[in-house]
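Report on the following structure.
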Amino acid sequence: MNPEKRREIFKRLKKENPHPTTELNYRSPFELLVAVILSAQATDKGVNKATKELFKVARSPKKILELQESGLKEYIKTIGLFNSKAKNIIKTCQILVEQHGGKVPEDRAALEALPGVGRKTANVILNTAFGHPTIAVDTHIFRVSNRTGLAPGKTVLEVEKKLLKLVPEEYKKDAHHWLILLGRYTCVARKPRCGACVIEDLCEYKHKTSD
């Protein structure tokens with residue numbers, strides 16, 4: 001795929017959705033961090049339902065620590081892997097209080113040192129909470145990047161590095177959200193809705209559908 005085509009793809013995605021953002025509900029970097037940790041192998045809708053009640057009583061690391069692991073589990077037990085997620089969130093809150101003054105660090109290494117936070121989660125926090133031009137590659141972005149020819153790669157890290165290199169600078173900050181939404185609602189896994197896609201004529205997928 002040539003640079004002109006890539007630029008046109010993002011130009012159209014921006015026109016359709018000028019101010020994209022995450023579908024997770026949050027009001028602070030800390031709430032976003034908790035929501036993203038919970039979202040692994042879970043739906044945003046399910047996470048939002050749980051955090052709506054959790055954040056009414058605990059909106060800071062200190063408050064979540066006061067709940068203790070058993071209390072936290074009561075709020076997140078509807079979410080997959082809630083036992084391990086509760087452990088990680090409690091450990092993360094302890095580190096935030098002890099090492100970062102209760103604040104979420106705006107630093108990749110410090111974020112990745114938190115239990116339950118890998119490269120993808122760190123990228124989401126840096127991008128969505130702090131405005132860094134990072135691109136967190138999830139299953140949707142991995143699929144879209146390979147299927148369209150935008151930034152093909154065999155691994156998540158390879159796709160991430162290609163996107164960072166190939167996405168035009170002015171679109172980099174929002175690229176993560178545009179590509180996730182495209183993969184979540186249009187370029188879906190089983191049968192892409194090519195007929196409803198704003199970049200269908202630019203996409204290099206060989207098995208397009210008429211839907």
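Chain labels A, B, ... are given in the sequence in which chains occur in the structure tokens; within each chain residues are numbered consecutively from 1, and ligands are likewise numbered from 1 in the order shown.
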message: Neighbouring residues of A:Leu126 were defined as those with any atom within 12 Å, considering only C-alpha atoms; residues of the same chain fewer than 2 positions away were excluded. Please report them as a count of residues only.
response: 31
Contact residues around A:Thr186 with only C-alpha atoms at 12 Å, ignoring same-chain residues under 5 positions, as number ranges by chain: A: 140, 143-144, 178-181, 191-200, 209, 211
- request: Determine which residues of stretch 161-192 of chain A DSSP labels as alpha helix (DSSP H) from the backbone of this structure, then write them out as a PyMOL selection string.
  value: chain A and resi 161-166+172-185
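With only C-alpha atoms as the atoms that count, the minimum distance from A:Gly183 to the choices A:Glu204, A:Glu170, A:Asp138, A:Glu16 is reached by A:Asp138.
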